[in-house]
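Enquirer: Have a look at the structure that comes next, please.
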Amino acid sequence: MTTATRTRVAIIGAGPAGLFLSHLLGSAGIESIVIDQRSREEIEHTIRAGILEHGTAEVLAATGASDRVMTVGHRHDGIELRFAGEGHRIDFEALTGRGVWLYPQHEVLIDLIAVRLAAGQDLRFGVTAVGVEGADTDRPVVHATTADGAPLVIEADFVVGADGSRSVARTAVTGSSTGGYFREYPFAWFGILCEAPPSAPELIYSNSPNGFALISQRSATVQRMYFQCDPEIDPESLSEREIWDDLQSRVDGHELIEGPIFQRDVLRFRSFVAHELRRGRVALVGDAAHTVPPTGAKGMNLAVADVLLLDRALRALLLEHDERPLDAYAETALRRIWKAQHFSWWMTSMLHVAPDASDFDRLRQLGELRSVVESEAGRRYLAEAYTGWPFETEL
């Protein structure tokens, strides 16, 4: 038997975008229902990267979405670009007066879930969206199934697809689940988590003849590291010794601290922007709207930027019956999205070795890296983009 329910905003996806949007709407007195096919445990315990731009960390703290981001998170005021056996620090603080916070995405989700449940949020885990209808009406509907397989219908004034890169809501907006601008890269990242203290105080982005490596950290006792690999590689095919030797070869001149590896995975590289971000009373945010290579650390930050815009648009629509901010949502959001796509592509192409790279390509790449680190303007551009552009304040 089908269960039907009614809300003002139906949000598909309890990731950072969906939960943060429900938090902002709740502060304006706009009720919402958030559904996600995953369990709470899966959401909170799936370890993901987390570099928060300066503005993202500030807005999470200022809106009460996270009490811990500024206290548990670690501020970083720079990164190291490493190539040709030498490290070059990009000093964010000196160049922009800004920094970034190392605060993993699952920690943001832990904070948001706790805050929303404490506020009485209707948050339903184990509920799978199967379709969205009525985008061009003033009563769009989400069709879903509960954990026990029972059908559920959610009628709303507005539906938001915050359901990730395999978005169900995207079809209602673009006419296709794959409707968008797409690029796939010919390499992936082999990622590990290991029990060891940080190998460096700040992140190291390393270009080497053997390929790219990223030396990062999760805590005082856990390191996160990646190295460029074939997208088809089996993560279990390498021994721990082979992994450490490969990583060390890519950061020549910097000694890594080794420890037991307890997680390994392969992360494919894709860029995507949906053809449309909104149709009628349905809109997309976060990975449902776009994905970027992780090299530029833009994924979760773009989601927050989307949400800030859509929150203002929905307040105007639902509280003031003003559709103008909603009409401007896609155009405004896309300006930042495409800047982030360019920055992520630029960092990726500058630091990775393409499978078909010639000697010319390799030497040109080293020339590009030197052009960046030896120019104050080059370093400042990287610092400004990495720490984050100002959020749009008007729609």
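Residue numbers start at 1 in each chain; chains themselves are named A, B, ... in the order of the structure tokens; ligands are numbered from 1 in the order shown.
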Contacts of A:Thr46 at 9 Å or less, counting only C-alpha atoms, minus same-chain residues fewer than 5 places along, as a list of chain:residue names?
Expert: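 In the requested format, the answer is A:Glu41, A:Gln105, A:His106.
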Enquirer: Env of stretch 178-180 of chain A: 8 Å cut, atoms = only C-alpha atoms, seq-sep filter 6 positions within chain, self excluded. Answer as number ranges by chain.
Expert: A: 170-171, 272-276
Enquirer: Env of A:His76: 8 Å cut, atoms = only C-alpha atoms, seq-sep filter 3 positions within chain, self excluded. Answer as a PyMOL selection string.
Expert: chain A and resi 79+99-102+202
Enquirer: Quick one: write out the picked residues with all heavy atoms as a PDB file, in the first residue's frame?
Expert:
```pdb
ATOM      1  N   ILE A  79      50.099  24.982   0.539  1.00  0.00           N
ATOM      2  CA  ILE A  79      50.383  23.643   0.044  1.00  0.00           C
ATOM      3  C   ILE A  79      51.782  23.664  -0.559  1.00  0.00           C
ATOM      4  O   ILE A  79      52.351  24.736  -0.803  1.00  0.00           O
ATOM      5  CB  ILE A  79      49.374  23.181  -1.026  1.00  0.00           C
ATOM      6  CG1 ILE A  79      49.369  24.147  -2.221  1.00  0.00           C
ATOM      7  CG2 ILE A  79      47.978  23.012  -0.445  1.00  0.00           C
ATOM      8  CD1 ILE A  79      48.560  23.666  -3.413  1.00  0.00           C
ATOM      9  N   GLY A  99      42.965  30.825   4.199  1.00  0.00           N
ATOM     10  CA  GLY A  99      43.497  29.479   4.303  1.00  0.00           C
ATOM     11  C   GLY A  99      42.423  28.479   3.930  1.00  0.00           C
ATOM     12  O   GLY A  99      41.363  28.836   3.411  1.00  0.00           O
ATOM     13  N   VAL A 100      42.676  27.211   4.188  1.00  0.00           N
ATOM     14  CA  VAL A 100      41.682  26.149   4.022  1.00  0.00           C
ATOM     15  C   VAL A 100      41.670  25.316   5.293  1.00  0.00           C
ATOM     16  O   VAL A 100      42.602  25.378   6.102  1.00  0.00           O
ATOM     17  CB  VAL A 100      41.993  25.251   2.799  1.00  0.00           C
ATOM     18  CG1 VAL A 100      41.905  26.049   1.509  1.00  0.00           C
ATOM     19  CG2 VAL A 100      43.360  24.581   2.934  1.00  0.00           C
ATOM     20  N   TRP A 101      40.595  24.546   5.462  1.00  0.00           N
ATOM     21  CA  TRP A 101      40.492  23.667   6.635  1.00  0.00           C
ATOM     22  C   TRP A 101      40.455  22.217   6.189  1.00  0.00           C
ATOM     23  O   TRP A 101      39.676  21.845   5.296  1.00  0.00           O
ATOM     24  CB  TRP A 101      39.227  23.987   7.441  1.00  0.00           C
ATOM     25  CG  TRP A 101      39.439  25.021   8.486  1.00  0.00           C
ATOM     26  CD1 TRP A 101      39.623  24.837   9.826  1.00  0.00           C
ATOM     27  CD2 TRP A 101      39.512  26.443   8.288  1.00  0.00           C
ATOM     28  NE1 TRP A 101      39.805  26.042  10.459  1.00  0.00           N
ATOM     29  CE2 TRP A 101      39.736  27.039   9.545  1.00  0.00           C
ATOM     30  CE3 TRP A 101      39.394  27.254   7.164  1.00  0.00           C
ATOM     31  CZ2 TRP A 101      39.849  28.416   9.705  1.00  0.00           C
ATOM     32  CZ3 TRP A 101      39.516  28.623   7.313  1.00  0.00           C
ATOM     33  CH2 TRP A 101      39.745  29.187   8.576  1.00  0.00           C
ATOM     34  N   LEU A 102      41.317  21.420   6.792  1.00  0.00           N
ATOM     35  CA  LEU A 102      41.281  19.979   6.583  1.00  0.00           C
ATOM     36  C   LEU A 102      40.241  19.412   7.539  1.00  0.00           C
ATOM     37  O   LEU A 102      40.460  19.318   8.751  1.00  0.00           O
ATOM     38  CB  LEU A 102      42.659  19.367   6.859  1.00  0.00           C
ATOM     39  CG  LEU A 102      42.786  17.869   6.601  1.00  0.00           C
ATOM     40  CD1 LEU A 102      42.608  17.553   5.123  1.00  0.00           C
ATOM     41  CD2 LEU A 102      44.125  17.340   7.095  1.00  0.00           C
ATOM     42  N   GLU A 202      51.737  20.170   5.672  1.00  0.00           N
ATOM     43  CA  GLU A 202      50.716  20.603   4.711  1.00  0.00           C
ATOM     44  C   GLU A 202      50.684  19.623   3.550  1.00  0.00           C
ATOM     45  O   GLU A 202      51.578  18.786   3.400  1.00  0.00           O
ATOM     46  CB  GLU A 202      51.023  22.019   4.207  1.00  0.00           C
ATOM     47  CG  GLU A 202      50.986  23.071   5.308  1.00  0.00           C
ATOM     48  CD  GLU A 202      51.431  24.445   4.851  1.00  0.00           C
ATOM     49  OE1 GLU A 202      52.213  24.543   3.873  1.00  0.00           O
ATOM     50  OE2 GLU A 202      51.009  25.438   5.484  1.00  0.00           O
TER      51      GLU A 202
END
```
Enquirer: Can you list, as a PyMOL selection string, every protein, DNA or RNA residue that comes within 10 Å of A:Gly120 when you count only C-alpha atoms, leaving out same-chain residues fewer than 4 positions away?
Expert: chain A and resi 26+31+115-116
Enquirer: Determine which residues of stretch 2-185 of chain A receive a DSSP assignment of strand (DSSP E or B), computed from the backbone, and state them as a PyMOL selection string.
Expert: chain A and resi 3-12+32-36+51-52+74-76+78-83+86-91+100-102+122-125+128-133+141-145+151-161+180-185
Enquirer: Could you check how far atom CA of A:Asp67 sits from atom CA of A:Ala118, in Å to one decimal?
Expert: 13.6 Å
Enquirer: Mind giving me the straight-line distance from atom CA of A:Val142 to atom CA of A:Asp157 in Å, one decimal?
Expert: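 Interatomic distance here is 11.1 Å.
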Enquirer: Can you tell me which residues surround A:Asp252 at a distance of at most 10 Å, considering only C-alpha atoms, apart from same-chain residues fewer than 5 positions away, and format the answer as number ranges by chain?
Expert: A: 82-87, 206-208, 247
Enquirer: Tell me which protein, DNA and RNA residues are within 10 Å of A:Glu323, counting only C-alpha atoms, leaving out same-chain ones fewer than 6 positions away, and put them as a count of residues only.
Expert: 5
Enquirer: Using only C-alpha atoms, which of the listed residues (A:Phe125, A:Pro198, A:Thr5, A:Gly13) sits closest to A:Ile154?
Expert: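 Checking each of A:Phe125, A:Pro198, A:Thr5, A:Gly13 against A:Ile154, counting only C-alpha atoms, the winner is A:Thr5.
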Enquirer: If you count only C-alpha atoms, which residues fall within 12 Å of A:Ile243, apart from same-chain ones fewer than 5 positions away, as an mmCIF file with C-alpha atoms, in the first residue's frame?
Expert:
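Saved result, selection.cif, follows:
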```cif
data_model
loop_
_atom_site.group_PDB
_atom_site.id
_atom_site.type_symbol
_atom_site.label_atom_id
_atom_site.label_comp_id
_atom_site.auth_asym_id
_atom_site.auth_seq_id
_atom_site.Cartn_x
_atom_site.Cartn_y
_atom_site.Cartn_z
ATOM 1 C CA PHE A 190 45.009 4.875 -6.160
ATOM 2 C CA GLY A 191 44.156 5.979 -2.615
ATOM 3 C CA ILE A 192 45.272 4.575 0.713
ATOM 4 C CA LEU A 193 44.593 5.238 4.375
ATOM 5 C CA CYS A 194 47.393 4.214 6.705
ATOM 6 C CA ALA A 213 51.132 11.826 -5.984
ATOM 7 C CA MET A 225 47.738 9.391 0.174
ATOM 8 C CA TYR A 226 47.051 9.003 -3.518
ATOM 9 C CA PHE A 227 49.072 8.237 -6.603
ATOM 10 C CA GLN A 228 48.135 8.348 -10.277
ATOM 11 C CA CYS A 229 47.232 4.942 -11.695
ATOM 12 C CA PRO A 235 43.376 -2.140 -5.717
ATOM 13 C CA GLU A 236 44.380 -5.505 -4.228
ATOM 14 C CA SER A 237 46.938 -6.208 -6.941
ATOM 15 C CA LEU A 238 49.779 -4.303 -5.242
ATOM 16 C CA GLN A 248 58.195 7.394 -2.382
ATOM 17 C CA SER A 249 59.465 7.454 -5.978
ATOM 18 C CA ARG A 250 56.996 10.223 -6.769
ATOM 19 C CA LEU A 256 57.466 9.557 3.796
ATOM 20 C CA GLU A 258 55.139 4.587 6.529
ATOM 21 C CA GLY A 259 52.514 2.662 8.456
ATOM 22 C CA PRO A 260 50.035 -0.211 8.075
ATOM 23 C CA ILE A 261 47.595 0.362 5.203
ATOM 24 C CA ARG A 264 42.724 1.149 -0.412
#
```
Enquirer: Looking only at helix (DSSP H, G or I) from DSSP on the backbone, list the matching residues of stretch 14-96 of chain A as a ChimeraX atom specification.
Expert: /A:16-27,40-45,54-62,92-96
Enquirer: Measure the distance from atom CA of A:Glu384 to atom CA of A:Thr96 in Å and round it to one decimal.
Expert: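 Answer for the atom CA of A:Glu384 to atom CA of A:Thr96 separation: 6.4 Å.
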Enquirer: So which one's closest to A:Gly286, A:Ala354, A:Leu302, A:Val9, A:Leu319? Using only C-alpha atoms, please.
Expert: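 When distances to A:Gly286 are compared using only C-alpha atoms, the smallest one comes from A:Leu302.
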Enquirer: From the set A:Ile47, A:Val285, A:Pro104, A:Val141, which residue has the shortest atom-to-atom contact distance to A:Leu21, counting only C-alpha atoms?
Expert: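 Closest residue, counting only C-alpha atoms: A:Val285.
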Enquirer: Hey, which bits of stretch 262-330 of chain A sit within 7 Å of stretch 343-353 of chain A, and for each residue what's the closest pair of atoms and how far apart in Å (one decimal), counting only C-alpha atoms, rows by chain and increasing number, as JSON lines?
Expert:
```
{"residue": "A:Val292", "atom": "CA", "partner": "A:Ser344", "partner_atom": "CA", "distance": 6.5}
{"residue": "A:Pro293", "atom": "CA", "partner": "A:Ser344", "partner_atom": "CA", "distance": 6.0}
{"residue": "A:Thr295", "atom": "CA", "partner": "A:Thr348", "partner_atom": "CA", "distance": 5.8}
{"residue": "A:Gly296", "atom": "CA", "partner": "A:Ser344", "partner_atom": "CA", "distance": 4.4}
```
Enquirer: Pick from A:His290, A:Lys298, A:Arg335, A:His254: nearest to A:Gly164, with only C-alpha atoms counted?
Expert: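 That would be A:His290, the residue with the smallest distance to A:Gly164.
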Enquirer: From the set A:His88, A:Arg380, A:Arg270, A:His342, which residue has the shortest atom-to-atom contact distance to A:Ser165, counting only C-alpha atoms?
Expert: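 So, comparing all the options, the nearest one is A:Arg270.
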Enquirer: For each of A:Ile215, A:Ala283, A:Met1, A:Leu60, take the minimum atom-to-atom distance to A:Val168, counting only C-alpha atoms, then give the residue where this is smallest.
Expert: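 Of the candidates, the smallest distance to A:Val168 is held by A:Ala283.
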